[in-house]
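Reading through the structure tokens given below for one structure.
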Amino acid sequence: MTSTRPFIPAGTPLPGLYIVATPIGNLGDITLRAIAVLQGATLVACEDTRVTGKLLKHLGIKARLQRLDDHASPEVRARIIDAARQAPVALVSDAGTPLISDPGYRLVREARAAGVTVTSIPGPCAAVSALAMAGLPSDRFLFAGFLPVKDKARTETLEALAPVAATLVFYEAAPRLERSLRAIAELWPTREVAVARELTKLHEECRTGTAASLEEHYAAHPPKGEIVLLIGPPGADEAPVQDADALLREALAEGGPGKAAGIVAKATGIDRAKLYARALELKGA
């Protein structure tokens with residue numbers, strides 16, 4: 001006879017560092033194993049003690065909290081690792097899976113180097129949740145964290161990722177979404193893009209279309225909340241940025257930026273205005 005009762009781990013976890021994923025919105029997404037580890041942990045290292053304190057209170061768990069953000073000193077990490085040698089220590093972020101654009105990388109690396117057992121307690125992750133619901137190719141994807149804030153750096157980052165034959169996944173802040181969509185539209189006007197926001201929450205949405213159409217929508221409906229931005233892989237007819245640069249350099253040897261942009265636009269189908277701006281950059285380099 002098969003039991004239908006849920007599995008709840010019994011007993012106190014063994015000493016070590018436990019990377020615990022926590023809800024990204026809906027508190028019902030906490031796993032039974034995560035609860036068991038948090039109950040048994042003698043110390044919880046967290047991004048913000050106020051945020052984690054609210055979650056633990058909701059779960060009815062009392063635990064000693066230690067702030068661990070990107071500015072934590074080596075001494076703080078050393079104390080956490082020493083504690084993990086003796087007893088179970090949990091690492092959480094404000095939401096989702098620690099280390100995925102959240103603090104914890106240095107702590108995990110140093111704990112492993114020190115011979116401390118490191119265990120991952122899987123659970124919610126905004127990037128994976130968005131990829132699963134967006135309808136973009138998911139057999140290959142690249143998670144690239146947050147896009148740069150400044151326009152030039154953002155464009156350069158996107159250009160560097162142009163030839164990647166996979167869905168690109170980014171985190172983005174609501175006030176910067178329109179600028180990011182505009183940059184994507186200028187580079188890849190035909191690629192399919194998805195904006196997933198407020199995942200697992202009451203106003204969850206996942207909207208798809210070209211970057212230009214999504215920019216127009218969010219200009220009229222300013223977004224709120226946490227956002228995952230996804231860009232489909234390049235189509236078979238999309239000329240890689242590197243090829244366009246090479247063609248522009250060839251054309252610039254024979255004429256000015258305007259003429260070069262026209263020649264390459266005709267050969268590749270890339271927007272002439274974009275090529276002209278790039279030709280000016282290459283000529284001035």
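Lettering and numbering for the structure tokens are positional, with chains as A, B, ... in the shown order, residues counted from 1 in each chain, and ligands counted from 1 in the shown order.
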**OP:** as number ranges by chain, please: all residues of stretch 22-100 of chain A that backbone DSSP puts in strand (DSSP E or B).
**Re:** A: 22, 43-46, 65-67, 88-92, 96
**OP:** Determine, counting only C-alpha atoms, which protein, DNA and RNA residues have an atom within 7 Å of an atom of stretch 181-192 of chain A; residues of the same chain fewer than 2 positions away are not included. Present the result as a list in words.
**Re:**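 In the requested format, the answer is Thr155, Leu177, Glu178, Arg179, Ala194, Thr208, Gly209, Thr210, Ala211, Ala212, Glu215, Ile231, Gly232, Pro234 and Lys274 of chain A.
Non-sequential neighbours of A:Val149 (distance at most 12 Å, separation of 3 or more positions within a chain, only C-alpha atoms) are Phe146, Lys152, Ala153, Arg154, Thr155, Glu156, Thr157, Tyr171, Glu172, Ala173, Ala174, Pro175, Arg176, Leu177, Glu178, Arg179, Ser180 and Ala183 of chain A.
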**OP:** Please identify which residues in stretch 6-200 of chain A DSSP calls alpha helix (DSSP H) from the backbone, and express them as JSON, numbers by chain.
**Re:** {"A": [32, 33, 34, 35, 36, 37, 38, 39, 40, 49, 50, 51, 52, 53, 54, 55, 56, 57, 58, 59, 74, 75, 76, 77, 78, 79, 80, 81, 82, 83, 84, 85, 86, 105, 106, 107, 108, 109, 110, 111, 112, 113, 126, 127, 128, 129, 130, 131, 132, 133, 134, 151, 152, 153, 154, 155, 156, 157, 158, 159, 160, 161, 177, 178, 179, 180, 181, 182, 183, 184, 185, 186, 187]}
Original post:
What's the 10 Å shell around stretch 74-87 of chain A, counting only C-alpha atoms, without same-chain residues fewer than 4 positions away, as a PyMOL selection string?
Top reply: chain A and resi 12-18+40-45+66-68+91+104+106-108+110-112+114-118
Subject >> Nearest-residue call for A:Lys283, choices A:Gly255, A:Pro98, A:Gly28, A:Gly262, using only C-alpha atoms >> reply: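 Among A:Gly255, A:Pro98, A:Gly28, A:Gly262, it is A:Gly255 that comes nearest to A:Lys283.
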Original post:
Using only C-alpha atoms, which residues sit within 9 Å of A:Asp29 once same-chain residues fewer than 6 positions away are excluded, as a ChimeraX atom specification?
Top reply: /A:22-23,123-124,200
For the selection you just gave me, I'd like the residues written to a file as an mmCIF file, in the first residue's frame, keeping N, CA and C atoms.
data_model
loop_
_atom_site.group_PDB
_atom_site.id
_atom_site.type_symbol
_atom_site.label_atom_id
_atom_site.label_comp_id
_atom_site.auth_asym_id
_atom_site.auth_seq_id
_atom_site.Cartn_x
_atom_site.Cartn_y
_atom_site.Cartn_z
ATOM 1 N N THR A 22 13.869 30.077 -0.698
ATOM 2 C CA THR A 22 12.658 30.542 -0.014
ATOM 3 C C THR A 22 11.697 31.167 -1.038
ATOM 4 N N PRO A 23 10.440 31.365 -0.676
ATOM 5 C CA PRO A 23 9.437 31.862 -1.634
ATOM 6 C C PRO A 23 9.834 33.180 -2.280
ATOM 7 N N GLY A 123 14.290 24.905 -4.495
ATOM 8 C CA GLY A 123 12.965 25.517 -4.354
ATOM 9 C C GLY A 123 12.792 26.632 -5.358
ATOM 10 N N PRO A 124 12.039 27.671 -5.009
ATOM 11 C CA PRO A 124 11.709 28.737 -5.960
ATOM 12 C C PRO A 124 12.926 29.453 -6.528
ATOM 13 N N THR A 200 4.353 34.463 -8.931
ATOM 14 C CA THR A 200 3.680 33.751 -7.827
ATOM 15 C C THR A 200 2.797 34.660 -6.985
#
Original post:
Which of these, A:Leu27, A:Leu136, A:Ala219, A:Gly235, has the shortest distance to A:Leu56 once you count only C-alpha atoms?
Top reply: A:Leu27
Original post:
Using only C-alpha atoms, which residues sit within 9 Å of A:Met133 once same-chain residues fewer than 3 positions away are excluded, as a list in words?
Top reply: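 Once the adjacent positions are removed, what remains is Val128, Ser129, Ala130, Leu136, Ala196 and Cys206 of chain A.
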Please save C-alpha atoms of the selected residues as a PDB file, in the first residue's frame.
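File again28.pdb, as written:
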ATOM      1  CA  VAL A 128      13.494  29.291 -13.896  1.00  0.00           C
ATOM      2  CA  SER A 129       9.835  30.049 -13.139  1.00  0.00           C
ATOM      3  CA  ALA A 130       9.760  32.736 -15.837  1.00  0.00           C
ATOM      4  CA  LEU A 136      10.390  30.702 -25.341  1.00  0.00           C
ATOM      5  CA  ALA A 196       7.468  38.126 -16.490  1.00  0.00           C
ATOM      6  CA  CYS A 206       3.884  37.095 -18.431  1.00  0.00           C
TER       7      CYS A 206
END
**OP:** Enter the distance from atom CA of A:Ala165 to atom CA of A:Ala267, in Å, rounded to one decimal.
**Re:**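 Answer for the atom CA of A:Ala165 to atom CA of A:Ala267 separation: 21.9 Å.
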